[in-house]
file model_38.pdb (PDB, C-alpha atoms, pLDDT in the B column)
ATOM      1  CA  MET A   1      55.664 -48.215 -32.513  1.00 47.00           C
ATOM      2  CA  PRO A   2      53.434 -48.272 -35.601  1.00 55.00           C
ATOM      3  CA  VAL A   3      55.256 -49.428 -38.698  1.00 71.00           C
ATOM      4  CA  ASP A   4      55.850 -46.523 -41.059  1.00 93.00           C
ATOM      5  CA  ARG A   5      54.679 -46.778 -44.643  1.00 95.00           C
ATOM      6  CA  LEU A   6      58.141 -46.958 -46.211  1.00 96.00           C
ATOM      7  CA  SER A   7      59.248 -49.735 -43.842  1.00 97.00           C
ATOM      8  CA  GLU A   8      56.125 -51.709 -44.702  1.00 97.00           C
ATOM      9  CA  THR A   9      56.853 -51.296 -48.424  1.00 98.00           C
ATOM     10  CA  PHE A  10      60.470 -52.432 -48.019  1.00 98.00           C
ATOM     11  CA  ALA A  11      59.394 -55.427 -45.888  1.00 98.00           C
ATOM     12  CA  ALA A  12      56.844 -56.439 -48.546  1.00 98.00           C
ATOM     13  CA  LEU A  13      59.516 -56.225 -51.252  1.00 98.00           C
ATOM     14  CA  ALA A  14      61.980 -58.371 -49.245  1.00 98.00           C
ATOM     15  CA  ASP A  15      60.728 -61.595 -50.817  1.00 97.00           C
ATOM     16  CA  PRO A  16      61.484 -62.938 -54.331  1.00 95.00           C
ATOM     17  CA  THR A  17      57.987 -64.453 -54.772  1.00 94.00           C
ATOM     18  CA  ARG A  18      56.290 -61.175 -53.919  1.00 96.00           C
ATOM     19  CA  ARG A  19      58.560 -59.311 -56.341  1.00 97.00           C
ATOM     20  CA  ALA A  20      57.729 -61.907 -59.021  1.00 95.00           C
ATOM     21  CA  ILE A  21      54.006 -61.356 -58.362  1.00 95.00           C
ATOM     22  CA  LEU A  22      54.500 -57.610 -58.859  1.00 95.00           C
ATOM     23  CA  ALA A  23      56.422 -58.264 -62.096  1.00 94.00           C
ATOM     24  CA  ARG A  24      53.514 -60.402 -63.345  1.00 93.00           C
ATOM     25  CA  LEU A  25      50.955 -57.736 -62.368  1.00 93.00           C
ATOM     26  CA  ALA A  26      52.973 -55.085 -64.204  1.00 91.00           C
ATOM     27  CA  LEU A  27      51.787 -56.899 -67.367  1.00 90.00           C
ATOM     28  CA  GLY A  28      48.136 -56.455 -66.399  1.00 90.00           C
ATOM     29  CA  GLU A  29      45.591 -57.410 -63.746  1.00 90.00           C
ATOM     30  CA  THR A  30      44.900 -61.085 -63.181  1.00 91.00           C
ATOM     31  CA  SER A  31      43.070 -63.537 -60.900  1.00 89.00           C
ATOM     32  CA  VAL A  32      44.689 -65.217 -57.902  1.00 87.00           C
ATOM     33  CA  SER A  33      44.543 -68.672 -59.512  1.00 86.00           C
ATOM     34  CA  GLU A  34      46.245 -67.344 -62.663  1.00 87.00           C
ATOM     35  CA  LEU A  35      48.880 -65.702 -60.452  1.00 88.00           C
ATOM     36  CA  ALA A  36      49.479 -68.937 -58.545  1.00 88.00           C
ATOM     37  CA  GLU A  37      50.077 -71.072 -61.660  1.00 87.00           C
ATOM     38  CA  PRO A  38      53.737 -70.290 -62.528  1.00 86.00           C
ATOM     39  CA  PHE A  39      54.818 -70.364 -58.862  1.00 83.00           C
ATOM     40  CA  ASP A  40      54.006 -73.986 -58.068  1.00 82.00           C
ATOM     41  CA  MET A  41      52.448 -72.794 -54.827  1.00 84.00           C
ATOM     42  CA  SER A  42      49.143 -73.509 -53.126  1.00 86.00           C
ATOM     43  CA  LEU A  43      46.434 -70.872 -53.371  1.00 87.00           C
ATOM     44  CA  PRO A  44      46.616 -70.187 -49.594  1.00 89.00           C
ATOM     45  CA  ALA A  45      50.379 -69.583 -49.864  1.00 90.00           C
ATOM     46  CA  VAL A  46      49.839 -67.142 -52.741  1.00 91.00           C
ATOM     47  CA  SER A  47      46.984 -65.480 -50.849  1.00 91.00           C
ATOM     48  CA  LYS A  48      49.286 -64.923 -47.888  1.00 94.00           C
ATOM     49  CA  HIS A  49      51.796 -63.098 -50.119  1.00 96.00           C
ATOM     50  CA  LEU A  50      48.976 -61.081 -51.695  1.00 95.00           C
ATOM     51  CA  LYS A  51      47.805 -59.990 -48.244  1.00 95.00           C
ATOM     52  CA  VAL A  52      51.285 -58.652 -47.436  1.00 97.00           C
ATOM     53  CA  LEU A  53      51.381 -56.789 -50.767  1.00 97.00           C
ATOM     54  CA  GLU A  54      47.848 -55.459 -50.251  1.00 96.00           C
ATOM     55  CA  ARG A  55      48.604 -54.240 -46.715  1.00 96.00           C
ATOM     56  CA  ALA A  56      51.656 -52.399 -48.079  1.00 96.00           C
ATOM     57  CA  GLY A  57      49.430 -50.777 -50.714  1.00 96.00           C
ATOM     58  CA  LEU A  58      51.412 -52.371 -53.563  1.00 97.00           C
ATOM     59  CA  ILE A  59      48.380 -54.146 -55.004  1.00 96.00           C
ATOM     60  CA  VAL A  60      44.651 -53.524 -55.069  1.00 94.00           C
ATOM     61  CA  ARG A  61      42.118 -56.372 -55.258  1.00 91.00           C
ATOM     62  CA  GLY A  62      38.751 -56.191 -56.984  1.00 85.00           C
ATOM     63  CA  ARG A  63      35.576 -56.762 -54.979  1.00 79.00           C
ATOM     64  CA  ALA A  64      33.755 -59.123 -57.393  1.00 70.00           C
ATOM     65  CA  ALA A  65      32.786 -62.221 -55.380  1.00 61.00           C
ATOM     66  CA  GLN A  66      33.942 -64.905 -57.835  1.00 72.00           C
ATOM     67  CA  TRP A  67      36.831 -63.187 -59.548  1.00 75.00           C
ATOM     68  CA  ARG A  68      38.871 -60.795 -57.453  1.00 81.00           C
ATOM     69  CA  PRO A  69      41.409 -59.446 -59.939  1.00 89.00           C
ATOM     70  CA  CYS A  70      44.713 -58.173 -58.534  1.00 92.00           C
ATOM     71  CA  ARG A  71      46.153 -54.967 -59.863  1.00 92.00           C
ATOM     72  CA  LEU A  72      49.548 -53.356 -59.295  1.00 93.00           C
ATOM     73  CA  GLU A  73      49.421 -50.040 -57.427  1.00 93.00           C
ATOM     74  CA  PRO A  74      52.655 -48.184 -58.192  1.00 91.00           C
ATOM     75  CA  THR A  75      52.469 -45.346 -55.627  1.00 91.00           C
ATOM     76  CA  PRO A  76      54.558 -47.068 -52.906  1.00 95.00           C
ATOM     77  CA  LEU A  77      57.226 -47.894 -55.520  1.00 95.00           C
ATOM     78  CA  LYS A  78      57.279 -44.227 -56.478  1.00 93.00           C
ATOM     79  CA  ASP A  79      57.878 -43.413 -52.787  1.00 94.00           C
ATOM     80  CA  VAL A  80      60.805 -45.872 -52.674  1.00 96.00           C
ATOM     81  CA  ASP A  81      62.176 -44.209 -55.791  1.00 94.00           C
ATOM     82  CA  GLY A  82      61.858 -40.812 -54.082  1.00 93.00           C
ATOM     83  CA  TRP A  83      63.685 -42.120 -51.020  1.00 95.00           C
ATOM     84  CA  ILE A  84      66.515 -43.632 -53.060  1.00 95.00           C
ATOM     85  CA  GLU A  85      66.902 -40.419 -55.075  1.00 92.00           C
ATOM     86  CA  GLN A  86      68.999 -38.841 -52.272  1.00 90.00           C
ATOM     87  CA  TYR A  87      71.592 -41.628 -52.699  1.00 92.00           C
ATOM     88  CA  ARG A  88      71.759 -41.604 -56.512  1.00 89.00           C
ATOM     89  CA  LYS A  89      74.228 -38.737 -56.559  1.00 81.00           C
ATOM     90  CA  PHE A  90      76.253 -40.536 -53.912  1.00 79.00           C
ATOM     91  CA  TRP A  91      76.804 -43.750 -55.861  1.00 75.00           C
ATOM     92  CA  GLU A  92      77.342 -41.874 -59.123  1.00 80.00           C
ATOM     93  CA  GLN A  93      80.158 -39.963 -57.382  1.00 74.00           C
ATOM     94  CA  SER A  94      81.409 -43.231 -55.960  1.00 66.00           C
ATOM     95  CA  PHE A  95      81.567 -44.852 -59.392  1.00 65.00           C
ATOM     96  CA  ASN A  96      83.184 -41.744 -60.853  1.00 74.00           C
ATOM     97  CA  ARG A  97      85.875 -42.034 -58.179  1.00 75.00           C
ATOM     98  CA  LEU A  98      86.406 -45.691 -59.086  1.00 72.00           C
ATOM     99  CA  ASP A  99      86.613 -44.707 -62.748  1.00 76.00           C
ATOM    100  CA  ALA A 100      89.186 -42.006 -61.954  1.00 79.00           C
ATOM    101  CA  TYR A 101      91.197 -44.523 -59.918  1.00 79.00           C
ATOM    102  CA  LEU A 102      91.183 -47.064 -62.775  1.00 80.00           C
ATOM    103  CA  ARG A 103      92.301 -44.390 -65.253  1.00 84.00           C
ATOM    104  CA  GLU A 104      95.096 -43.452 -62.875  1.00 85.00           C
ATOM    105  CA  LEU A 105      96.152 -47.110 -62.637  1.00 83.00           C
ATOM    106  CA  GLN A 106      96.177 -47.359 -66.443  1.00 84.00           C
ATOM    107  CA  ALA A 107      98.273 -44.172 -66.721  1.00 85.00           C
ATOM    108  CA  THR A 108     100.783 -45.522 -64.168  1.00 82.00           C
ATOM    109  CA  GLU A 109     100.897 -48.790 -66.102  1.00 78.00           C
ATOM    110  CA  LYS A 110     101.770 -46.903 -69.313  1.00 74.00           C
ATOM    111  CA  ILE A 111     104.567 -44.960 -67.611  1.00 72.00           C
ATOM    112  CA  ARG A 112     106.077 -47.980 -65.864  1.00 72.00           C
ATOM    113  CA  GLY A 113     105.356 -50.440 -68.655  1.00 65.00           C
ATOM    114  CA  PRO A 114     103.701 -53.855 -68.130  1.00 58.00           C
ATOM    115  CA  ASN A 115     104.712 -55.645 -64.970  1.00 55.00           C
ATOM    116  CA  LYS A 116     107.099 -58.456 -65.961  1.00 50.00           C
ATOM    117  CA  SER A 117     107.388 -60.161 -62.569  1.00 49.00           C
ATOM    118  CA  LYS A 118     105.193 -63.235 -62.133  1.00 44.00           C
TER
ATOM    119  CA  MET B   1      66.256 -71.327 -49.293  1.00 47.00           C
ATOM    120  CA  PRO B   2      69.183 -68.903 -49.098  1.00 54.00           C
ATOM    121  CA  VAL B   3      68.070 -65.294 -48.935  1.00 71.00           C
ATOM    122  CA  ASP B   4      68.813 -63.522 -52.195  1.00 93.00           C
ATOM    123  CA  ARG B   5      70.813 -60.317 -52.166  1.00 95.00           C
ATOM    124  CA  LEU B   6      67.952 -57.997 -53.147  1.00 96.00           C
ATOM    125  CA  SER B   7      65.662 -59.445 -50.439  1.00 97.00           C
ATOM    126  CA  GLU B   8      68.395 -58.910 -47.857  1.00 97.00           C
ATOM    127  CA  THR B   9      68.786 -55.291 -48.975  1.00 98.00           C
ATOM    128  CA  PHE B  10      65.033 -54.632 -48.789  1.00 98.00           C
ATOM    129  CA  ALA B  11      64.808 -56.293 -45.349  1.00 98.00           C
ATOM    130  CA  ALA B  12      67.689 -54.119 -44.089  1.00 98.00           C
ATOM    131  CA  LEU B  13      65.944 -50.981 -45.394  1.00 98.00           C
ATOM    132  CA  ALA B  14      62.628 -51.916 -43.713  1.00 98.00           C
ATOM    133  CA  ASP B  15      63.495 -50.027 -40.530  1.00 97.00           C
ATOM    134  CA  PRO B  16      63.436 -46.239 -39.951  1.00 95.00           C
ATOM    135  CA  THR B  17      66.499 -46.285 -37.644  1.00 94.00           C
ATOM    136  CA  ARG B  18      68.590 -48.146 -40.193  1.00 96.00           C
ATOM    137  CA  ARG B  19      67.512 -45.718 -42.926  1.00 97.00           C
ATOM    138  CA  ALA B  20      68.427 -42.813 -40.612  1.00 94.00           C
ATOM    139  CA  ILE B  21      71.866 -44.396 -40.060  1.00 95.00           C
ATOM    140  CA  LEU B  22      72.372 -44.571 -43.830  1.00 95.00           C
ATOM    141  CA  ALA B  23      71.287 -40.929 -44.184  1.00 94.00           C
ATOM    142  CA  ARG B  24      73.875 -39.949 -41.547  1.00 93.00           C
ATOM    143  CA  LEU B  25      76.599 -41.997 -43.261  1.00 93.00           C
ATOM    144  CA  ALA B  26      75.791 -40.334 -46.589  1.00 91.00           C
ATOM    145  CA  LEU B  27      77.339 -37.206 -45.001  1.00 90.00           C
ATOM    146  CA  GLY B  28      80.610 -39.031 -44.299  1.00 90.00           C
ATOM    147  CA  GLU B  29      82.067 -41.942 -42.340  1.00 90.00           C
ATOM    148  CA  THR B  30      81.757 -41.872 -38.580  1.00 91.00           C
ATOM    149  CA  SER B  31      82.311 -43.935 -35.432  1.00 89.00           C
ATOM    150  CA  VAL B  32      79.629 -46.106 -33.833  1.00 87.00           C
ATOM    151  CA  SER B  33      79.419 -43.884 -30.727  1.00 86.00           C
ATOM    152  CA  GLU B  34      78.949 -40.775 -32.887  1.00 87.00           C
ATOM    153  CA  LEU B  35      76.259 -42.638 -34.844  1.00 88.00           C
ATOM    154  CA  ALA B  36      74.474 -43.667 -31.649  1.00 88.00           C
ATOM    155  CA  GLU B  37      74.268 -40.113 -30.217  1.00 87.00           C
ATOM    156  CA  PRO B  38      71.241 -38.641 -32.070  1.00 86.00           C
ATOM    157  CA  PHE B  39      69.235 -41.871 -31.767  1.00 83.00           C
ATOM    158  CA  ASP B  40      69.004 -42.057 -27.978  1.00 82.00           C
ATOM    159  CA  MET B  41      69.860 -45.754 -28.227  1.00 84.00           C
ATOM    160  CA  SER B  42      72.326 -47.957 -26.419  1.00 86.00           C
ATOM    161  CA  LEU B  43      75.534 -48.860 -28.238  1.00 87.00           C
ATOM    162  CA  PRO B  44      74.507 -52.572 -28.399  1.00 89.00           C
ATOM    163  CA  ALA B  45      71.182 -51.600 -30.019  1.00 90.00           C
ATOM    164  CA  VAL B  46      72.982 -49.475 -32.628  1.00 91.00           C
ATOM    165  CA  SER B  47      75.544 -52.261 -33.167  1.00 91.00           C
ATOM    166  CA  LYS B  48      72.709 -54.681 -33.903  1.00 94.00           C
ATOM    167  CA  HIS B  49      71.352 -52.382 -36.623  1.00 96.00           C
ATOM    168  CA  LEU B  50      74.876 -51.912 -38.018  1.00 95.00           C
ATOM    169  CA  LYS B  51      75.302 -55.675 -38.242  1.00 95.00           C
ATOM    170  CA  VAL B  52      72.129 -55.958 -40.338  1.00 97.00           C
ATOM    171  CA  LEU B  53      73.325 -53.144 -42.617  1.00 97.00           C
ATOM    172  CA  GLU B  54      76.794 -54.691 -42.866  1.00 96.00           C
ATOM    173  CA  ARG B  55      75.415 -58.141 -43.728  1.00 96.00           C
ATOM    174  CA  ALA B  56      73.336 -56.543 -46.486  1.00 96.00           C
ATOM    175  CA  GLY B  57      76.487 -54.860 -47.818  1.00 96.00           C
ATOM    176  CA  LEU B  58      75.027 -51.378 -47.234  1.00 97.00           C
ATOM    177  CA  ILE B  59      77.858 -50.323 -44.937  1.00 96.00           C
ATOM    178  CA  VAL B  60      81.497 -51.219 -44.542  1.00 94.00           C
ATOM    179  CA  ARG B  61      83.302 -51.012 -41.190  1.00 91.00           C
ATOM    180  CA  GLY B  62      86.948 -50.156 -40.716  1.00 85.00           C
ATOM    181  CA  ARG B  63      89.267 -52.655 -39.032  1.00 78.00           C
ATOM    182  CA  ALA B  64      91.079 -50.289 -36.653  1.00 70.00           C
ATOM    183  CA  ALA B  65      90.785 -51.760 -33.137  1.00 60.00           C
ATOM    184  CA  GLN B  66      89.758 -48.607 -31.249  1.00 71.00           C
ATOM    185  CA  TRP B  67      87.878 -46.683 -33.902  1.00 74.00           C
ATOM    186  CA  ARG B  68      85.930 -48.718 -36.417  1.00 81.00           C
ATOM    187  CA  PRO B  69      84.503 -46.071 -38.735  1.00 89.00           C
ATOM    188  CA  CYS B  70      81.328 -46.943 -40.628  1.00 92.00           C
ATOM    189  CA  ARG B  71      81.045 -46.015 -44.273  1.00 92.00           C
ATOM    190  CA  LEU B  72      78.061 -46.135 -46.620  1.00 93.00           C
ATOM    191  CA  GLU B  73      78.434 -48.621 -49.479  1.00 92.00           C
ATOM    192  CA  PRO B  74      76.016 -47.559 -52.225  1.00 91.00           C
ATOM    193  CA  THR B  75      76.141 -50.628 -54.514  1.00 91.00           C
ATOM    194  CA  PRO B  76      73.055 -52.398 -53.033  1.00 95.00           C
ATOM    195  CA  LEU B  77      71.090 -49.142 -53.332  1.00 95.00           C
ATOM    196  CA  LYS B  78      72.106 -48.970 -56.977  1.00 93.00           C
ATOM    197  CA  ASP B  79      70.737 -52.516 -57.393  1.00 94.00           C
ATOM    198  CA  VAL B  80      67.419 -51.475 -55.812  1.00 96.00           C
ATOM    199  CA  ASP B  81      67.325 -48.539 -58.212  1.00 94.00           C
ATOM    200  CA  GLY B  82      67.937 -50.931 -61.114  1.00 93.00           C
ATOM    201  CA  TRP B  83      65.105 -53.179 -59.923  1.00 95.00           C
ATOM    202  CA  ILE B  84      62.663 -50.304 -59.530  1.00 95.00           C
ATOM    203  CA  GLU B  85      63.550 -48.957 -62.980  1.00 92.00           C
ATOM    204  CA  GLN B  86      61.180 -51.480 -64.645  1.00 90.00           C
ATOM    205  CA  TYR B  87      58.254 -49.933 -62.725  1.00 92.00           C
ATOM    206  CA  ARG B  88      59.119 -46.274 -63.341  1.00 89.00           C
ATOM    207  CA  LYS B  89      57.448 -46.266 -66.737  1.00 81.00           C
ATOM    208  CA  PHE B  90      54.444 -47.958 -65.194  1.00 79.00           C
ATOM    209  CA  TRP B  91      53.722 -45.316 -62.560  1.00 75.00           C
ATOM    210  CA  GLU B  92      54.513 -42.489 -64.962  1.00 80.00           C
ATOM    211  CA  GLN B  93      51.842 -43.938 -67.272  1.00 73.00           C
ATOM    212  CA  SER B  94      49.552 -44.318 -64.284  1.00 66.00           C
ATOM    213  CA  PHE B  95      49.945 -40.662 -63.316  1.00 65.00           C
ATOM    214  CA  ASN B  96      49.519 -39.584 -66.930  1.00 74.00           C
ATOM    215  CA  ARG B  97      46.231 -41.498 -66.987  1.00 75.00           C
ATOM    216  CA  LEU B  98      45.139 -39.724 -63.800  1.00 72.00           C
ATOM    217  CA  ASP B  99      46.140 -36.405 -65.337  1.00 75.00           C
ATOM    218  CA  ALA B 100      44.134 -37.190 -68.495  1.00 79.00           C
ATOM    219  CA  TYR B 101      41.143 -38.150 -66.360  1.00 79.00           C
ATOM    220  CA  LEU B 102      41.307 -34.900 -64.377  1.00 80.00           C
ATOM    221  CA  ARG B 103      41.529 -32.880 -67.598  1.00 83.00           C
ATOM    222  CA  GLU B 104      38.502 -34.749 -68.885  1.00 84.00           C
ATOM    223  CA  LEU B 105      36.597 -33.965 -65.688  1.00 83.00           C
ATOM    224  CA  GLN B 106      37.509 -30.283 -66.027  1.00 83.00           C
ATOM    225  CA  ALA B 107      36.350 -30.240 -69.674  1.00 85.00           C
ATOM    226  CA  THR B 108      33.018 -31.867 -68.698  1.00 81.00           C
ATOM    227  CA  GLU B 109      32.655 -29.291 -65.923  1.00 78.00           C
ATOM    228  CA  LYS B 110      33.114 -26.449 -68.440  1.00 75.00           C
ATOM    229  CA  ILE B 111      30.498 -27.893 -70.814  1.00 72.00           C
ATOM    230  CA  ARG B 112      27.939 -28.633 -68.103  1.00 72.00           C
ATOM    231  CA  GLY B 113      28.747 -25.598 -65.984  1.00 66.00           C
ATOM    232  CA  PRO B 114      29.377 -25.760 -62.216  1.00 59.00           C
ATOM    233  CA  ASN B 115      27.197 -28.170 -60.284  1.00 55.00           C
ATOM    234  CA  LYS B 116      24.646 -26.116 -58.362  1.00 50.00           C
ATOM    235  CA  SER B 117      23.085 -28.922 -56.328  1.00 49.00           C
ATOM    236  CA  LYS B 118      24.306 -29.137 -52.750  1.00 45.00           C
TER
END
call {"tool": "encode", "arguments": {"input": "model_38.pdb", "output": "structure tokens"}}
result
Amino acid sequence: MPVDRLSETFAALADPTRRAILARLALGETSVSELAEPFDMSLPAVSKHLKVLERAGLIVRGRAAQWRPCRLEPTPLKDVDGWIEQYRKFWEQSFNRLDAYLRELQATEKIRGPNKSK
Amino acid sequence: MPVDRLSETFAALADPTRRAILARLALGETSVSELAEPFDMSLPAVSKHLKVLERAGLIVRGRAAQWRPCRLEPTPLKDVDGWIEQYRKFWEQSFNRLDAYLRELQATEKIRGPNKSK
């Protein structure tokens, strides 16, 4: 079964180093060696992560031979945001229910007074 | 290295069947056999997916011996939404830039007139 686009995006995001690379690229495009610096990783290791991000469409790499700048491509993140949208209402309701429950607890507390047993 | 929470959530979401299970559970809690029905999958296969979702904290399973209802737990999705928030501005800017570029193209078109070459 071919991997669908959204699954590929989620798989690419399931790694803290790759998310850190995206966070760095959100500040502006940069070279691979500049990207590698703060991570204390070898260039091949960083390149491997970049390939995963590139395949998922999350970054685009320049074609200049010496300097291939990496740039963030936000479209797949927008798709994740669109997917998660359907659940936003759900967790807002869920937190409203929790809020209502806590208010109810507080009200009960006021009626009964503070619990004096240890 | 222990897998961080957000990576575990993304890895759990990187599968169309697991996302379909979440979509079904967003409608209300249900049993494993009910969940399995529309997927044309064996119960063990569905159970395997449920275990991944449960480990990622995306679902909670009841403890009743015969009927262990599955329920969506939206907190990890809220965390993904919080993570993606930092990029929202970025892609909105990106699409605004595209919009500005298209307007510019249209304006140029009006000044130069439609291109008559084939």
call {"tool": "residues_near_point", "arguments": {"input": "model_38.pdb", "point": "(62.0, -51.1, -44.8)", "cutoff": "10 Å", "atoms": "only C-alpha atoms", "output": "list of chain:residue names"}}
result
A:Val3, A:Asp4, A:Arg5, A:Leu6, A:Ser7, A:Glu8, A:Thr9, A:Phe10, A:Ala11, A:Ala12, A:Leu13, A:Ala14, A:Val80, B:Thr9, B:Phe10, B:Ala11, B:Ala12, B:Leu13, B:Ala14, B:Asp15, B:Pro16, B:Thr17, B:Arg18, B:Arg19
call {"tool": "closest_residue", "arguments": {"input": "model_38.pdb", "among": "A:Glu73, A:Glu29, A:Asp40, A:Glu34", "to": "chain B", "atoms": "all atoms listed in the file"}}
result
A:Glu73
call {"tool": "atom_distance", "arguments": {"input": "model_38.pdb", "atom1": "atom CA of B:Phe90", "atom2": "atom CA of A:Thr75"}}
result
10.1 Å
call {"tool": "residues_around", "arguments": {"input": "model_38.pdb", "residues": "B:Glu37", "least_positions_apart": "5", "cutoff": "12 Å", "atoms": "only C-alpha atoms", "output": "list of chain:residue names"}}
result
B:Ile21, B:Arg24, B:Thr30, B:Ser31, B:Val32, B:Ser42, B:Leu43, B:Ala45, B:Val46
call {"tool": "residues_around", "arguments": {"input": "model_38.pdb", "residues": "B:Arg61", "least_positions_apart": "6", "cutoff": "7 Å", "atoms": "all atoms listed in the file", "output": "mmCIF file with C-alpha atoms, keeping the file's coordinate frame"}}
result
data_model
loop_
_atom_site.group_PDB
_atom_site.id
_atom_site.type_symbol
_atom_site.label_atom_id
_atom_site.label_comp_id
_atom_site.auth_asym_id
_atom_site.auth_seq_id
_atom_site.Cartn_x
_atom_site.Cartn_y
_atom_site.Cartn_z
ATOM 1 C CA ARG B 68 85.930 -48.718 -36.417
ATOM 2 C CA PRO B 69 84.503 -46.071 -38.735
ATOM 3 C CA CYS B 70 81.328 -46.943 -40.628
ATOM 4 C CA ARG B 71 81.045 -46.015 -44.273
#
call {"tool": "resolve_selection", "arguments": {"input": "model_38.pdb", "expression": "the PyMOL selection byres ((chain B and resi 77) around 8)", "output": "number ranges by chain"}}
result
A: 84, 87; B: 9, 58, 74-76, 78-81
call {"tool": "atom_distance", "arguments": {"input": "model_38.pdb", "atom1": "atom CA of B:Ile111", "atom2": "atom CA of B:Asn96"}}
result
22.7 Å
call {"tool": "atom_distance", "arguments": {"input": "model_38.pdb", "atom1": "atom CA of A:Tyr101", "atom2": "atom CA of B:Ala23"}}
result
25.6 Å
call {"tool": "residues_near_point", "arguments": {"input": "model_38.pdb", "point": "(56.6, -66.6, -64.3)", "cutoff": "8 Å", "atoms": "only C-alpha atoms", "output": "tab-separated table (two decimals) with C-alpha atoms, keeping the file's coordinate frame"}}
result
chain	number	residue	atom	x	y	z
A	20	ALA	CA	57.73	-61.91	-59.02
A	24	ARG	CA	53.51	-60.40	-63.34
A	38	PRO	CA	53.74	-70.29	-62.53
A	39	PHE	CA	54.82	-70.36	-58.86
call {"tool": "closest_residue", "arguments": {"input": "model_38.pdb", "among": "B:Ala56, B:Ala107, B:Ala100, B:Ala36", "to": "chain A", "atoms": "all atoms listed in the file"}}
result
B:Ala56
call {"tool": "closest_residue", "arguments": {"input": "model_38.pdb", "among": "B:Ile59, B:Leu53, B:Leu72, B:Leu35", "to": "chain A", "atoms": "all atoms listed in the file"}}
result
B:Leu72
call {"tool": "closest_residue", "arguments": {"input": "model_38.pdb", "among": "B:Arg97, B:Arg103, B:Arg63, B:Arg88", "to": "chain A", "atoms": "only C-alpha atoms"}}
result
B:Arg88
call {"tool": "closest_residue", "arguments": {"input": "model_38.pdb", "among": "B:Trp67, B:Glu92, B:Ser33, B:Val60", "to": "chain A", "atoms": "all atoms listed in the file"}}
result
B:Glu92
call {"tool": "build_atoms", "arguments": {"input": "model_38.pdb", "residues": "stretch 22-26 of chain B", "atoms": "all heavy atoms", "output": "short mmCIF file (atom, residue, chain, number, x, y, z; two decimals), keeping the file's coordinate frame"}}
result
data_model
loop_
_atom_site.label_atom_id
_atom_site.label_comp_id
_atom_site.auth_asym_id
_atom_site.auth_seq_id
_atom_site.Cartn_x
_atom_site.Cartn_y
_atom_site.Cartn_z
N LEU B 22 71.84 -44.73 -42.47
CA LEU B 22 72.37 -44.57 -43.83
C LEU B 22 72.41 -43.09 -44.22
O LEU B 22 73.38 -42.62 -44.83
CB LEU B 22 71.51 -45.34 -44.85
CG LEU B 22 71.56 -46.87 -44.76
CD1 LEU B 22 70.71 -47.47 -45.87
CD2 LEU B 22 73.01 -47.38 -44.87
N ALA B 23 71.35 -42.36 -43.85
CA ALA B 23 71.29 -40.93 -44.18
C ALA B 23 72.44 -40.19 -43.51
O ALA B 23 73.06 -39.30 -44.11
CB ALA B 23 69.94 -40.34 -43.76
N ARG B 24 72.76 -40.58 -42.25
CA ARG B 24 73.88 -39.95 -41.55
C ARG B 24 75.20 -40.29 -42.23
O ARG B 24 76.05 -39.42 -42.43
CB ARG B 24 73.88 -40.42 -40.08
CG ARG B 24 75.14 -40.10 -39.30
CD ARG B 24 75.41 -38.61 -39.21
NE ARG B 24 76.75 -38.31 -38.70
CZ ARG B 24 77.85 -38.28 -39.45
NH1 ARG B 24 77.77 -38.53 -40.75
NH2 ARG B 24 79.01 -37.97 -38.92
N LEU B 25 75.33 -41.56 -42.64
CA LEU B 25 76.60 -42.00 -43.26
C LEU B 25 76.78 -41.41 -44.66
O LEU B 25 77.90 -41.35 -45.17
CB LEU B 25 76.67 -43.53 -43.30
CG LEU B 25 76.81 -44.19 -41.92
CD1 LEU B 25 76.86 -45.71 -42.07
CD2 LEU B 25 78.06 -43.69 -41.19
N ALA B 26 75.68 -40.98 -45.27
CA ALA B 26 75.79 -40.33 -46.59
C ALA B 26 76.55 -39.02 -46.47
O ALA B 26 77.10 -38.51 -47.44
CB ALA B 26 74.41 -40.10 -47.18
#
